[in-house]
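Data block below; observations after.
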Amino acid sequence: MLLSCTDVRKTFGPNVVLDNLSLDVDEHEVVALIGASGSGKSTLLRCVNLLTEIDDGVVRLDGEDITDPRVDADLVRQKIGLVFQSYNLFPHMTVLDNITLAPVRVHKRPVPEARSQAMEWLDRVGLADKSGSYPDRLSGGQQQRVAIVRALVNSPRLLLLDEVTSALDPELVGEVLTMIRELKGEGMTMVLATHEMGFARQVADRVAFLDSGRVLEQGPPEQVLGEPVEARTRQFLARIIEAGRL
Amino acid sequence: MSSDTTPRPHQPSTVQRERIAYRRKRAIRSTLLAALSTAVVGLLLYLGVTGSPGWERVKASFFDWDIAVKALTGRDNYPSILSGLWLNIRLMVICTACALALGLLIAILRTLRGPVTFPVRALATTYTYSFRGLPLIIVIYLFAFGIPGLRLQGTPSVTVLGAAAIVVTYGAYLAEVFRAGIESVHPSQVAAARSLGLSYRRTMRHVVLPQAIRRVTPPLLNDTVALQKDVGLISLAGPIDAIRAAQINQAGTANFTPYVVAGVLFVLLALPLIGVTDWVTLRAARRQNAGN
């Protein structure tokens with residue numbers, strides 16, 4: 001098992017955002033987190049990346065308790081990639097500099113090597129001609145693909161994707177989803193919070209429905225999205241269908 | 001969200017209790033370390049200063065308690081630093097208010113568009129360019145000694161002229177801070193306001209300025225703190241403020257303690273505003289980061 005969250009609890013003031021949540025992710029597995037806004041999807045990803053300190057429970061990566069305060073969070077994060085909903089590219093750096101920042105400064109790789117690796121990736125995702133551009137010159141879909149590449153060049157064991165298509169225009173969603181589908185083909189372990197049920201069905205090995213900070217129901221996409229057991233899951237999916245998003 | 005689950009008190013697990021204990025231990029350790037290093041640095045500074053060969057002389061001419069009390073209260077017919085300070089305080093309040101108003105006015109003038117307003121714009125620009133470059137001391141001399149030299153009817157007192165010099169100099173700095181704030185408001189905000197039918201003036205008043213001023217409050221307050229202490233430069237023009245009083249005391253006693261007294265008083269005066277600046281800056285930073 002690559003990632004294992006056990007009884008993770010997180011509160012913000014009186015709000016219990018994660019309520020003794022447990023979730024396991026195997027190597028090469030893709031898990032889609034679905035659920036209403038505020039159900040804890042994003043918070044869970046931030047807790048796994050140690051950007052948010054949990055209030056109780058244990059998160060293990062490769063068997064190591066990464067929520068132990070003695071653990072160096074920076075070292076843990078080198079093994080986990082996180083892609084944000086609003087890309088969070090650095091606006092003052094070119095695409096290439098955005099991608100090579102961590103390889104050069106954190107992993108101490110020689111600049112030419114980091115650059116050529118970045119260019120290979122950009123070539124693969126069809127953005128080689130944008131390497132010298134600044135993020136604000138790119139479309140949302142292009143920016144998000146750059147953000148994914150920025151996470152990937154560090155060769156993470158685990159990739160966390162937080163609503164990566166939510167800020168995109170519908171016609172740009174496809175290019176990002178294609179990229180994620182390819183990553184799955186290469187065996188990348190991913191946990192993705194998403195509102196795209198159709199995509200979750202296609203790409204995920206397992207769908208976990210979060211409700212009030214717990215995993216209420218999980219299983220193969222066909223089962224959770226097709227024949228949900230829990231009433232709240234059915235309710236949630238009914239609302240999604242109503243909004244025309246399934 | 002979850003109305004069906006009644007809130008029950010959470011009992012931390014053994015792991016979490018151990019983590020809390022560890023973090024507390026770390027916190028105590030870093031507090032102790034901070035205290036220790038502060039004590040060591042303080043001790044070294046103290047030993048370095050008091051152990052220096054000239055310390056006795058310096059102590060006598062800069063830190064003489066009797067002379068300090070005398071200068072503060074104005075015994076032996078010397079001007080009192082405290083009553084001089086009262087002039088400084090009045091000047092600080094008035095100059096700050098006037099400089100803020102002038103700065104805001106100039107900043108707004110600089111953002112005007114259209115060919116008709118070009119002269120106003122040019123004048124405002126020339127003003128901010130020249131008075132930000134001109135040393136305050138020179139402006140004070142020009143105003144306090146130059147303007148009376150014109151022998152015009154109703155020329156105000158030297159104090160008023162000196163204050164005007166401070167207002168004009170700081171107004172130029174504050175104008176640029178205000179302008180930076182105005183320009184930092186995204187054009188889409190103006191577009192939204194204009195789309196609702198607000199005139200340029202109403203857009204500025206109700207949409208742009210409230211956002212702009214909030215954003216530049218920390219640098220504005222910072223400049224205001226600088227203005228507060230530079231009010232002391234008015235002593236160069238002649239009025240007996242705290243610094244002038246200190247200088248007269250120093251001249252009479254051949255002892256520099258009065259200056260130290262005046263300096264301490266200025267720091268005390270600036271403290272509240274510095275505190276407010278820190279608080280406002282912190283609050284602004286927290287608000288901006290609230291989303292993430």
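Residue names in the structure tokens use chain letters A, B, ... in the order shown, residue numbers from 1 in each chain, and ligand numbers from 1 in the order shown.
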
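Near Lys70 in chain B, within a cut-off of 12 Å and counting only C-alpha atoms, sit the residues Asp64, Trp65, Asp66, Ile67, Ala68, Leu72, Thr73, Gly74, Arg75, Asp76, Asn77, Tyr78, Pro79, Ser80, Ile81, Leu82, Ala245, Ala246, Asn249, Gln250, Gly252, Thr253, Asn255, Thr257, Pro258 and Val261 of chain B, with same-chain residues fewer than 2 positions away left out.
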
Which residues come within 12 Å of Ala147 in chain A, counting only C-alpha atoms, excluding same-chain residues fewer than 2 positions away, as a ChimeraX atom specification? /A:81-91,95-100,118,121-122,125,127,135,138,140-145,149-153,159-162,164-165,176,179

Select residues of chain B: the criterion is any atom within 9 Å of an atom of chain A, counting only C-alpha atoms; output as a list of chain:residue names. B:Met1, B:Ser2, B:Pro12, B:Ser13, B:Val15, B:Gln16, B:Arg17, B:Arg19, B:Tyr22, B:Arg23

Dump as a tab-separated table (two decimals), in the first residue's frame, selection limited to N, CA, C and O atoms:
```tsv
chain	number	residue	atom	x	y	z
B	1	MET	N	-24.48	21.24	7.43
B	1	MET	CA	-24.19	20.11	6.56
B	1	MET	C	-24.69	18.81	7.18
B	1	MET	O	-25.61	18.16	6.70
B	2	SER	N	-24.06	18.44	8.30
B	2	SER	CA	-24.39	17.15	8.91
B	2	SER	C	-25.27	17.39	10.11
B	2	SER	O	-24.81	17.69	11.20
B	12	PRO	N	-8.56	12.79	21.88
B	12	PRO	CA	-7.35	12.58	21.08
B	12	PRO	C	-6.81	11.15	21.28
B	12	PRO	O	-6.84	10.61	22.39
B	13	SER	N	-6.33	10.57	20.18
B	13	SER	CA	-5.77	9.23	20.26
B	13	SER	C	-4.40	9.27	20.94
B	13	SER	O	-3.85	10.33	21.18
B	15	VAL	N	-1.59	8.42	19.68
B	15	VAL	CA	-0.62	9.02	18.74
B	15	VAL	C	-0.68	10.53	18.83
B	15	VAL	O	0.35	11.21	18.91
B	16	GLN	N	-1.92	11.06	18.80
B	16	GLN	CA	-2.07	12.49	18.80
B	16	GLN	C	-1.61	13.09	20.12
B	16	GLN	O	-0.95	14.12	20.13
B	17	ARG	N	-1.91	12.42	21.23
B	17	ARG	CA	-1.45	12.92	22.52
B	17	ARG	C	0.06	12.97	22.57
B	17	ARG	O	0.65	13.92	23.07
B	19	ARG	N	1.99	13.31	19.95
B	19	ARG	CA	2.40	14.43	19.07
B	19	ARG	C	2.27	15.75	19.78
B	19	ARG	O	3.15	16.61	19.71
B	22	TYR	N	5.01	16.14	22.19
B	22	TYR	CA	6.28	16.42	21.50
B	22	TYR	C	6.35	17.88	21.06
B	22	TYR	O	7.35	18.56	21.26
B	23	ARG	N	5.23	18.35	20.45
B	23	ARG	CA	5.21	19.74	19.97
B	23	ARG	C	5.37	20.72	21.14
B	23	ARG	O	6.04	21.73	21.02
```

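Comparing the minimum interatomic distances between Arg121 in chain B and each of B:Ala107, B:Ile140, B:Thr14, B:Ala191, counting only C-alpha atoms, we find that B:Ala107 sits nearest.
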
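CA of Ala200 in chain A is positioned 7.1 Å from CA of Pro221 in chain A.
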
Let's see if you can do this: from backbone DSSP, list all helix (DSSP H, G or I) residues in range 2-217 of chain A, as number ranges by chain. A: 41-48, 73-77, 95-105, 111-124, 128-130, 135-137, 140-152, 170-185, 197-203

Just write the chosen residues, C-alpha atoms, as a PDB file, in the first residue's frame.
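File again.pdb, as written:
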```
ATOM      1  CA  LYS A  41     -11.872  16.508  -0.550  1.00  0.00           C
ATOM      2  CA  SER A  42      -9.432  19.389  -0.848  1.00  0.00           C
ATOM      3  CA  THR A  43      -8.604  19.375   2.846  1.00  0.00           C
ATOM      4  CA  LEU A  44      -7.710  15.693   2.651  1.00  0.00           C
ATOM      5  CA  LEU A  45      -5.303  16.351  -0.234  1.00  0.00           C
ATOM      6  CA  ARG A  46      -3.726  19.250   1.633  1.00  0.00           C
ATOM      7  CA  CYS A  47      -3.332  17.089   4.727  1.00  0.00           C
ATOM      8  CA  VAL A  48      -1.614  14.356   2.735  1.00  0.00           C
ATOM      9  CA  ALA A  73       7.847  17.772   5.718  1.00  0.00           C
ATOM     10  CA  ASP A  74      10.019  19.024   2.851  1.00  0.00           C
ATOM     11  CA  LEU A  75      11.444  15.553   2.289  1.00  0.00           C
ATOM     12  CA  VAL A  76       7.957  14.047   2.298  1.00  0.00           C
ATOM     13  CA  ARG A  77       6.689  16.608  -0.185  1.00  0.00           C
ATOM     14  CA  VAL A  95       7.002  28.176 -18.186  1.00  0.00           C
ATOM     15  CA  LEU A  96      10.436  26.565 -18.301  1.00  0.00           C
ATOM     16  CA  ASP A  97      11.573  28.273 -15.085  1.00  0.00           C
ATOM     17  CA  ASN A  98       8.371  27.225 -13.343  1.00  0.00           C
ATOM     18  CA  ILE A  99       9.093  23.619 -14.235  1.00  0.00           C
ATOM     19  CA  THR A 100      12.820  23.589 -13.463  1.00  0.00           C
ATOM     20  CA  LEU A 101      12.596  25.475 -10.156  1.00  0.00           C
ATOM     21  CA  ALA A 102      12.253  22.409  -7.924  1.00  0.00           C
ATOM     22  CA  PRO A 103      14.559  20.087  -9.908  1.00  0.00           C
ATOM     23  CA  VAL A 104      17.345  22.689  -9.766  1.00  0.00           C
ATOM     24  CA  ARG A 105      16.807  24.207  -6.307  1.00  0.00           C
ATOM     25  CA  VAL A 111      20.436  23.249 -15.012  1.00  0.00           C
ATOM     26  CA  PRO A 112      20.982  21.892 -18.559  1.00  0.00           C
ATOM     27  CA  GLU A 113      19.757  18.467 -17.518  1.00  0.00           C
ATOM     28  CA  ALA A 114      16.673  19.870 -15.770  1.00  0.00           C
ATOM     29  CA  ARG A 115      15.937  22.041 -18.789  1.00  0.00           C
ATOM     30  CA  SER A 116      16.202  19.248 -21.301  1.00  0.00           C
ATOM     31  CA  GLN A 117      13.984  17.047 -19.158  1.00  0.00           C
ATOM     32  CA  ALA A 118      11.447  19.872 -18.875  1.00  0.00           C
ATOM     33  CA  MET A 119      11.552  20.354 -22.641  1.00  0.00           C
ATOM     34  CA  GLU A 120      10.918  16.636 -23.176  1.00  0.00           C
ATOM     35  CA  TRP A 121       7.828  16.878 -21.013  1.00  0.00           C
ATOM     36  CA  LEU A 122       6.624  20.054 -22.685  1.00  0.00           C
ATOM     37  CA  ASP A 123       7.147  18.405 -26.048  1.00  0.00           C
ATOM     38  CA  ARG A 124       5.072  15.456 -24.930  1.00  0.00           C
ATOM     39  CA  ALA A 128       7.293  23.052 -26.318  1.00  0.00           C
ATOM     40  CA  ASP A 129       6.712  26.336 -28.154  1.00  0.00           C
ATOM     41  CA  LYS A 130       5.458  27.920 -24.911  1.00  0.00           C
ATOM     42  CA  PRO A 135       1.889  31.901 -17.479  1.00  0.00           C
ATOM     43  CA  ASP A 136      -0.524  34.779 -18.123  1.00  0.00           C
ATOM     44  CA  ARG A 137       0.053  34.348 -21.867  1.00  0.00           C
ATOM     45  CA  GLY A 140      -6.191  27.866 -18.588  1.00  0.00           C
ATOM     46  CA  GLY A 141      -5.792  24.397 -20.068  1.00  0.00           C
ATOM     47  CA  GLN A 142      -2.201  25.116 -21.058  1.00  0.00           C
ATOM     48  CA  GLN A 143      -1.421  26.536 -17.622  1.00  0.00           C
ATOM     49  CA  GLN A 144      -2.878  23.495 -15.921  1.00  0.00           C
ATOM     50  CA  ARG A 145      -0.843  21.150 -18.113  1.00  0.00           C
ATOM     51  CA  VAL A 146       2.282  23.115 -17.219  1.00  0.00           C
ATOM     52  CA  ALA A 147       1.329  22.819 -13.541  1.00  0.00           C
ATOM     53  CA  ILE A 148       1.005  19.057 -13.904  1.00  0.00           C
ATOM     54  CA  VAL A 149       4.394  18.871 -15.626  1.00  0.00           C
ATOM     55  CA  ARG A 150       5.853  20.996 -12.829  1.00  0.00           C
ATOM     56  CA  ALA A 151       4.687  18.365 -10.359  1.00  0.00           C
ATOM     57  CA  LEU A 152       5.815  15.449 -12.499  1.00  0.00           C
ATOM     58  CA  PRO A 170     -15.446  23.205 -21.030  1.00  0.00           C
ATOM     59  CA  GLU A 171     -13.546  22.975 -24.321  1.00  0.00           C
ATOM     60  CA  LEU A 172     -10.226  23.079 -22.447  1.00  0.00           C
ATOM     61  CA  VAL A 173     -11.094  20.347 -19.961  1.00  0.00           C
ATOM     62  CA  GLY A 174     -10.425  17.611 -22.516  1.00  0.00           C
ATOM     63  CA  GLU A 175      -6.731  18.379 -22.998  1.00  0.00           C
ATOM     64  CA  VAL A 176      -6.043  18.135 -19.266  1.00  0.00           C
ATOM     65  CA  LEU A 177      -8.068  14.964 -18.856  1.00  0.00           C
ATOM     66  CA  THR A 178      -6.218  13.353 -21.772  1.00  0.00           C
ATOM     67  CA  MET A 179      -2.961  14.057 -20.004  1.00  0.00           C
ATOM     68  CA  ILE A 180      -4.190  12.466 -16.765  1.00  0.00           C
ATOM     69  CA  ARG A 181      -5.437   9.452 -18.675  1.00  0.00           C
ATOM     70  CA  GLU A 182      -1.969   9.028 -20.164  1.00  0.00           C
ATOM     71  CA  LEU A 183      -0.386   9.235 -16.733  1.00  0.00           C
ATOM     72  CA  LYS A 184      -2.671   6.470 -15.567  1.00  0.00           C
ATOM     73  CA  GLY A 185      -1.494   4.399 -18.491  1.00  0.00           C
ATOM     74  CA  MET A 197     -18.226  12.197 -12.832  1.00  0.00           C
ATOM     75  CA  GLY A 198     -17.793  11.021 -16.393  1.00  0.00           C
ATOM     76  CA  PHE A 199     -14.063  11.332 -16.047  1.00  0.00           C
ATOM     77  CA  ALA A 200     -14.010   9.664 -12.645  1.00  0.00           C
ATOM     78  CA  ARG A 201     -15.850   6.757 -14.210  1.00  0.00           C
ATOM     79  CA  GLN A 202     -13.328   6.488 -17.042  1.00  0.00           C
ATOM     80  CA  VAL A 203     -10.039   6.952 -15.286  1.00  0.00           C
TER      81      VAL A 203
END
```

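For the choices B:Val158, B:Val225, B:Leu109, B:Cys95, the atom-to-atom distance to Leu271 in chain B is smallest for B:Val225 when using only C-alpha atoms.
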
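Residue nearest Arg232 in chain A within the list A:Gly35, A:Thr189, A:Ser133, A:Lys108: A:Gly35 [criterion: smallest interatomic distance, only C-alpha atoms].
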
Could you pull out the strand (DSSP E) residues of range 70-223 of chain A, going by DSSP on the backbone, and write them as a PyMOL selection string? chain A and resi 80-83+158-162+189-193+206-211+214-219

Pick the closest to Glu196 in chain A from A:Ser166, A:Gln78, A:Thr233, A:Ser139: which is it, counting only C-alpha atoms? A:Ser166

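Between CA of Ile94 in chain B and CA of Thr224 in chain B the interatomic distance comes to 11.7 Å.
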
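Across the structure, CA of Glu176 in chain B and CA of Thr128 in chain B are spaced 7.4 Å apart.
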
Polymer residues at most 8 Å from range 178-188 of chain B, only C-alpha atoms, same-chain spacing of 2 or more positions, as an mmCIF file with all heavy atoms, in the first residue's frame:
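Result saved to result06.cif:
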```
data_model
loop_
_atom_site.group_PDB
_atom_site.id
_atom_site.type_symbol
_atom_site.label_atom_id
_atom_site.label_comp_id
_atom_site.auth_asym_id
_atom_site.auth_seq_id
_atom_site.Cartn_x
_atom_site.Cartn_y
_atom_site.Cartn_z
ATOM 1 N N GLY B 103 -1.861 64.707 -0.466
ATOM 2 C CA GLY B 103 -1.400 63.543 -1.239
ATOM 3 C C GLY B 103 -2.533 62.899 -2.008
ATOM 4 O O GLY B 103 -2.407 62.612 -3.201
ATOM 5 N N LEU B 104 -3.663 62.731 -1.334
ATOM 6 C CA LEU B 104 -4.812 62.101 -1.997
ATOM 7 C C LEU B 104 -5.286 62.959 -3.160
ATOM 8 O O LEU B 104 -5.544 62.454 -4.265
ATOM 9 C CB LEU B 104 -5.944 61.894 -0.983
ATOM 10 C CG LEU B 104 -7.170 61.149 -1.487
ATOM 11 C CD1 LEU B 104 -6.776 59.778 -2.005
ATOM 12 C CD2 LEU B 104 -8.204 61.004 -0.380
ATOM 13 N N ALA B 107 -2.858 62.691 -6.030
ATOM 14 C CA ALA B 107 -2.938 61.370 -6.661
ATOM 15 C C ALA B 107 -4.149 61.292 -7.582
ATOM 16 O O ALA B 107 -4.071 60.778 -8.696
ATOM 17 C CB ALA B 107 -3.026 60.281 -5.591
ATOM 18 N N ILE B 108 -5.284 61.833 -7.110
ATOM 19 C CA ILE B 108 -6.491 61.794 -7.937
ATOM 20 C C ILE B 108 -6.290 62.652 -9.183
ATOM 21 O O ILE B 108 -6.640 62.249 -10.294
ATOM 22 C CB ILE B 108 -7.719 62.267 -7.131
ATOM 23 C CG1 ILE B 108 -8.010 61.258 -6.033
ATOM 24 C CG2 ILE B 108 -8.928 62.436 -8.025
ATOM 25 C CD1 ILE B 108 -9.049 61.702 -5.043
ATOM 26 N N ARG B 110 -3.598 63.194 -10.696
ATOM 27 C CA ARG B 110 -2.694 62.514 -11.637
ATOM 28 C C ARG B 110 -3.388 61.413 -12.422
ATOM 29 O O ARG B 110 -2.881 60.969 -13.451
ATOM 30 C CB ARG B 110 -1.490 61.931 -10.885
ATOM 31 C CG ARG B 110 -0.448 62.990 -10.565
ATOM 32 C CD ARG B 110 0.883 62.363 -10.234
ATOM 33 N NE ARG B 110 1.508 61.778 -11.408
ATOM 34 C CZ ARG B 110 2.672 61.147 -11.390
ATOM 35 N NH1 ARG B 110 3.310 61.006 -10.274
ATOM 36 N NH2 ARG B 110 3.182 60.636 -12.500
ATOM 37 N N THR B 111 -4.518 60.921 -11.892
ATOM 38 C CA THR B 111 -5.198 59.853 -12.623
ATOM 39 C C THR B 111 -6.242 60.391 -13.593
ATOM 40 O O THR B 111 -6.841 59.621 -14.328
ATOM 41 C CB THR B 111 -5.914 58.881 -11.652
ATOM 42 O OG1 THR B 111 -6.893 59.632 -10.918
ATOM 43 C CG2 THR B 111 -4.944 58.228 -10.694
ATOM 44 N N LEU B 174 3.259 60.889 -0.193
ATOM 45 C CA LEU B 174 1.972 60.222 0.043
ATOM 46 C C LEU B 174 1.173 60.141 -1.251
ATOM 47 O O LEU B 174 0.470 59.153 -1.493
ATOM 48 C CB LEU B 174 1.196 60.962 1.135
ATOM 49 C CG LEU B 174 1.868 60.888 2.508
ATOM 50 C CD1 LEU B 174 1.166 61.799 3.506
ATOM 51 C CD2 LEU B 174 1.882 59.458 3.028
ATOM 52 N N ALA B 175 1.297 61.162 -2.105
ATOM 53 C CA ALA B 175 0.578 61.148 -3.383
ATOM 54 C C ALA B 175 0.979 59.925 -4.197
ATOM 55 O O ALA B 175 0.139 59.247 -4.784
ATOM 56 C CB ALA B 175 0.872 62.425 -4.170
ATOM 57 N N GLU B 176 2.270 59.625 -4.190
ATOM 58 C CA GLU B 176 2.736 58.469 -4.973
ATOM 59 C C GLU B 176 2.235 57.161 -4.375
ATOM 60 O O GLU B 176 1.915 56.221 -5.097
ATOM 61 C CB GLU B 176 4.264 58.468 -5.057
ATOM 62 C CG GLU B 176 4.801 59.527 -5.993
ATOM 63 C CD GLU B 176 4.192 59.421 -7.387
ATOM 64 O OE1 GLU B 176 4.555 58.502 -8.135
ATOM 65 O OE2 GLU B 176 3.323 60.237 -7.722
ATOM 66 N N VAL B 190 -13.311 49.107 -12.356
ATOM 67 C CA VAL B 190 -13.821 50.344 -12.951
ATOM 68 C C VAL B 190 -14.877 49.995 -13.986
ATOM 69 O O VAL B 190 -15.954 50.610 -14.038
ATOM 70 C CB VAL B 190 -12.667 51.143 -13.602
ATOM 71 C CG1 VAL B 190 -13.207 52.382 -14.288
ATOM 72 C CG2 VAL B 190 -11.631 51.515 -12.549
ATOM 73 N N ALA B 191 -14.592 48.963 -14.795
ATOM 74 C CA ALA B 191 -15.545 48.558 -15.826
ATOM 75 C C ALA B 191 -16.879 48.186 -15.191
ATOM 76 O O ALA B 191 -17.948 48.597 -15.666
ATOM 77 C CB ALA B 191 -14.976 47.384 -16.622
ATOM 78 N N ALA B 192 -16.819 47.427 -14.092
ATOM 79 C CA ALA B 192 -18.048 47.004 -13.436
ATOM 80 C C ALA B 192 -18.826 48.207 -12.918
ATOM 81 O O ALA B 192 -20.047 48.294 -13.097
ATOM 82 C CB ALA B 192 -17.721 46.050 -12.285
ATOM 83 N N VAL B 208 -13.124 52.590 -6.402
ATOM 84 C CA VAL B 208 -11.666 52.514 -6.517
ATOM 85 C C VAL B 208 -10.975 52.923 -5.219
ATOM 86 O O VAL B 208 -10.183 52.152 -4.661
ATOM 87 C CB VAL B 208 -11.163 53.377 -7.697
ATOM 88 C CG1 VAL B 208 -9.649 53.349 -7.759
ATOM 89 C CG2 VAL B 208 -11.755 52.867 -9.002
ATOM 90 N N LEU B 209 -11.295 54.127 -4.713
ATOM 91 C CA LEU B 209 -10.573 54.621 -3.536
ATOM 92 C C LEU B 209 -10.713 53.718 -2.305
ATOM 93 O O LEU B 209 -9.714 53.459 -1.629
ATOM 94 C CB LEU B 209 -10.997 56.055 -3.209
ATOM 95 C CG LEU B 209 -10.417 57.102 -4.163
ATOM 96 C CD1 LEU B 209 -10.862 58.495 -3.756
ATOM 97 C CD2 LEU B 209 -8.897 57.030 -4.199
ATOM 98 N N GLN B 211 -10.943 50.566 -2.092
ATOM 99 C CA GLN B 211 -10.033 49.417 -2.244
ATOM 100 C C GLN B 211 -8.581 49.874 -2.214
ATOM 101 O O GLN B 211 -7.731 49.230 -1.594
ATOM 102 C CB GLN B 211 -10.287 48.702 -3.575
ATOM 103 C CG GLN B 211 -11.673 48.134 -3.711
ATOM 104 C CD GLN B 211 -11.836 47.355 -4.994
ATOM 105 O OE1 GLN B 211 -11.038 46.490 -5.316
ATOM 106 N NE2 GLN B 211 -12.863 47.670 -5.750
ATOM 107 N N ALA B 212 -8.314 51.002 -2.907
ATOM 108 C CA ALA B 212 -6.937 51.488 -3.018
ATOM 109 C C ALA B 212 -6.379 51.851 -1.649
ATOM 110 O O ALA B 212 -5.281 51.433 -1.281
ATOM 111 C CB ALA B 212 -6.893 52.698 -3.942
ATOM 112 N N ILE B 213 -7.158 52.601 -0.875
ATOM 113 C CA ILE B 213 -6.657 53.078 0.410
ATOM 114 C C ILE B 213 -6.432 51.910 1.359
ATOM 115 O O ILE B 213 -5.436 51.844 2.072
ATOM 116 C CB ILE B 213 -7.625 54.122 1.001
ATOM 117 C CG1 ILE B 213 -7.567 55.370 0.127
ATOM 118 C CG2 ILE B 213 -7.277 54.441 2.441
ATOM 119 C CD1 ILE B 213 -8.539 56.452 0.506
ATOM 120 N N ARG B 215 -5.580 49.005 0.562
ATOM 121 C CA ARG B 215 -4.396 48.263 0.138
ATOM 122 C C ARG B 215 -3.103 48.980 0.526
ATOM 123 O O ARG B 215 -2.108 48.337 0.815
ATOM 124 C CB ARG B 215 -4.456 48.093 -1.384
ATOM 125 C CG ARG B 215 -3.972 46.749 -1.830
ATOM 126 C CD ARG B 215 -4.306 46.521 -3.286
ATOM 127 N NE ARG B 215 -5.672 46.082 -3.485
ATOM 128 C CZ ARG B 215 -6.207 45.890 -4.696
ATOM 129 N NH1 ARG B 215 -5.506 46.140 -5.777
ATOM 130 N NH2 ARG B 215 -7.443 45.464 -4.818
ATOM 131 N N VAL B 216 -3.109 50.328 0.510
ATOM 132 C CA VAL B 216 -1.853 51.044 0.776
ATOM 133 C C VAL B 216 -1.769 51.571 2.202
ATOM 134 O O VAL B 216 -0.872 52.350 2.517
ATOM 135 C CB VAL B 216 -1.621 52.197 -0.222
ATOM 136 C CG1 VAL B 216 -1.445 51.651 -1.618
ATOM 137 C CG2 VAL B 216 -2.732 53.213 -0.166
ATOM 138 N N LEU B 220 1.263 53.921 3.828
ATOM 139 C CA LEU B 220 0.828 55.269 4.216
ATOM 140 C C LEU B 220 1.186 55.538 5.669
ATOM 141 O O LEU B 220 1.748 56.582 6.002
ATOM 142 C CB LEU B 220 -0.689 55.406 4.065
ATOM 143 C CG LEU B 220 -1.264 55.749 2.701
ATOM 144 C CD1 LEU B 220 -2.772 55.877 2.807
ATOM 145 C CD2 LEU B 220 -0.678 57.036 2.170
#
```

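Between Leu102 in chain B and the residues B:Ala172, B:Leu273, B:Ile89, B:Leu33, the shortest atom-to-atom distance, using only C-alpha atoms, involves B:Ala172.
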
As a ChimeraX atom specification, please: the residues near Val276 in chain B (cut-off 10 Å, only C-alpha atoms, same-chain neighbours under 6 positions excluded). /B:218,221-222,282
